[in-house]
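See below for the structure under consideration.
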Amino acid sequence: MTVRLPAAEYAKMLRCAERGLPNEVCGLIAGELCGELKIVHRVYPLSNLDESPSHFSIDPKEQLAAVRDMRAGGLTPLGNFHSHPNTPARPSPEDIRLARDPQASYLILSLSDPPALRAFHIEQARVTEEALEIL
Amino acid sequence: MVAPEESMKIIVGGKFKDYPEGLRLSALIRQENVETPEYVTVALNDDFVEAAAFDEIALKEGDSVEFLYFMGGGGE
């Protein structure tokens with residue numbers, strides 16, 4: 001699977017993560033699924049209920065509203081993203097343990113210097129990195 | 001003579017679908033082949049439903065159901 005992310009949406013994600021410091025930020029990504037290509041059209045920053053620098057939980061009410069908005073706009077839910085303020089862009093054991101949606105791409109944005117974004121497929125605790133294009 | 005089963009239209013994940021009237025939410029979860037259903041949160045007409053109530057809720061015409069996975073994690 002390849003995830004294609006517009007540069008403007010990446011910039012939105014990065015701004016959100018920097019403004020959210022020192023806490024992790026999180027949200028959803030939506031767009032269209034074309035075979036093995038996920039084309040992201042929109043990033044949805046959502047509230048991190050944990051308000052923590054080392055944990056995140058997406059607010060389910062906001063998640064539902066975002067999914068409704070995606071459907072209204074003809075977009076498909078493609079996955080989620082969250083930031084790691086101080087650690088690399090790779091799934092932590094907790095990220096892996098709590099990854100429950102096998103259809104989702106899990107994007108992790110590290111704010112280490114320089115920032116780095118990576119995408120993963122996580123299913124039954126098996127992690128596979130997905131190709132990521134920022135265009 | 002057995003009366004034919006009435007059907008209803010409900011919206012599942014944004015798509016209209018036909019199901020037998022009165023289908024229980026738990027049966028819908030099975031019929032939709034929801035992956036890892038134990039980790040799914042269900043919203044019925046924008047209200048979140050406790051898992052304990054899945055067997056009790058009978059769906060009706062026009063209901064809208066969303067299956068949402070909890071999304072959370074943490075850094076190292």
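Chain identifiers are assigned as A, B, and so on, following the order in which chains appear in the structure tokens; residues are numbered from 1 within each chain, and ligands are numbered from 1 in order of appearance.
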**Request:** Considering only C-alpha atoms, extract the chain A residues located within 9 Å of chain B and return them as a PyMOL selection string.
**Result:** chain A and resi 24+26+48+52-61+63-65+67-68+71-72+80+82-88+90-102
**Request:** Return as a PyMOL selection string the full set of residues in chain B whose backbone-based DSSP assignment is strand (DSSP E).
**Result:** chain B and resi 7-12+15-20+40-44+47-49+64-69+72-74
May I have the selected residues written with C-alpha atoms, as a JSON list (two decimals), in the first residue's frame?
[["chain", "number", "residue", "atom", "x", "y", "z"],
["B", 7, "SER", "CA", -37.40, -5.87, 5.20],
["B", 8, "MET", "CA", -36.18, -2.43, 6.13],
["B", 9, "LYS", "CA", -33.63, -0.02, 4.76],
["B", 10, "ILE", "CA", -30.96, 1.10, 7.15],
["B", 11, "ILE", "CA", -27.74, 3.03, 6.64],
["B", 12, "VAL", "CA", -24.57, 1.18, 7.55],
["B", 15, "LYS", "CA", -24.56, 3.05, 2.66],
["B", 16, "PHE", "CA", -28.22, 2.06, 2.37],
["B", 17, "LYS", "CA", -28.75, -1.63, 2.98],
["B", 18, "ASP", "CA", -31.72, -3.97, 3.20],
["B", 19, "TYR", "CA", -32.09, -6.11, 6.28],
["B", 20, "PRO", "CA", -34.97, -7.96, 7.94],
["B", 40, "VAL", "CA", -15.57, -1.62, 17.79],
["B", 41, "THR", "CA", -17.64, 1.22, 19.13],
["B", 42, "VAL", "CA", -21.10, 1.42, 17.63],
["B", 43, "ALA", "CA", -22.98, 4.64, 17.01],
["B", 44, "LEU", "CA", -26.69, 4.34, 16.33],
["B", 47, "ASP", "CA", -25.62, 7.96, 19.91],
["B", 48, "PHE", "CA", -22.98, 5.58, 21.20],
["B", 49, "VAL", "CA", -24.33, 2.20, 22.29],
["B", 64, "SER", "CA", -28.02, 4.85, 10.76],
["B", 65, "VAL", "CA", -25.22, 2.72, 12.15],
["B", 66, "GLU", "CA", -21.51, 3.49, 12.22],
["B", 67, "PHE", "CA", -18.77, 1.16, 13.38],
["B", 68, "LEU", "CA", -15.81, 3.01, 14.83],
["B", 69, "TYR", "CA", -12.55, 1.59, 16.04],
["B", 72, "GLY", "CA", -5.29, 5.50, 20.64],
["B", 73, "GLY", "CA", -1.72, 4.74, 21.54],
["B", 74, "GLY", "CA", 1.37, 6.31, 22.94]]
**Asked** Could you pull out the alpha helix (DSSP H) residues of stretch 10-124 of chain A from DSSP and send them as a list in words?
**Response**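 Those residues are Tyr10, Ala11, Lys12, Met13, Leu14, Arg15, Cys16, Ala17, Glu18, Arg19, Pro60, Lys61, Glu62, Gln63, Leu64, Ala65, Ala66, Val67, Arg68, Asp69, Met70, Arg71, Ala72, Pro93, Glu94, Asp95, Ile96 and Arg97 of chain A.
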Print the selection's residues with C-alpha atoms to a file, as a JSON list (two decimals), in the first residue's frame.
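Final file, again15.json:
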[["chain", "number", "residue", "atom", "x", "y", "z"],
["A", 10, "TYR", "CA", 1.21, 17.44, 5.58],
["A", 11, "ALA", "CA", 1.91, 21.06, 6.51],
["A", 12, "LYS", "CA", -1.45, 21.17, 8.32],
["A", 13, "MET", "CA", -0.57, 18.03, 10.25],
["A", 14, "LEU", "CA", 2.85, 19.41, 11.16],
["A", 15, "ARG", "CA", 1.43, 22.77, 12.32],
["A", 16, "CYS", "CA", -1.11, 20.93, 14.44],
["A", 17, "ALA", "CA", 1.62, 18.80, 16.02],
["A", 18, "GLU", "CA", 3.85, 21.80, 16.76],
["A", 19, "ARG", "CA", 1.00, 23.80, 18.27],
["A", 60, "PRO", "CA", -14.96, 9.26, 19.69],
["A", 61, "LYS", "CA", -17.58, 12.00, 19.34],
["A", 62, "GLU", "CA", -15.25, 14.01, 17.15],
["A", 63, "GLN", "CA", -14.30, 10.82, 15.33],
["A", 64, "LEU", "CA", -17.94, 10.18, 14.51],
["A", 65, "ALA", "CA", -18.48, 13.77, 13.38],
["A", 66, "ALA", "CA", -15.39, 13.57, 11.18],
["A", 67, "VAL", "CA", -16.54, 10.31, 9.61],
["A", 68, "ARG", "CA", -19.93, 11.87, 8.91],
["A", 69, "ASP", "CA", -18.19, 14.86, 7.32],
["A", 70, "MET", "CA", -16.06, 12.54, 5.19],
["A", 71, "ARG", "CA", -19.12, 10.72, 3.93],
["A", 72, "ALA", "CA", -20.91, 13.98, 3.17],
["A", 93, "PRO", "CA", 4.35, -1.15, 21.84],
["A", 94, "GLU", "CA", 1.23, 0.69, 22.97],
["A", 95, "ASP", "CA", 0.54, 1.91, 19.43],
["A", 96, "ILE", "CA", 0.76, -1.68, 18.24],
["A", 97, "ARG", "CA", -1.34, -3.08, 21.06]]
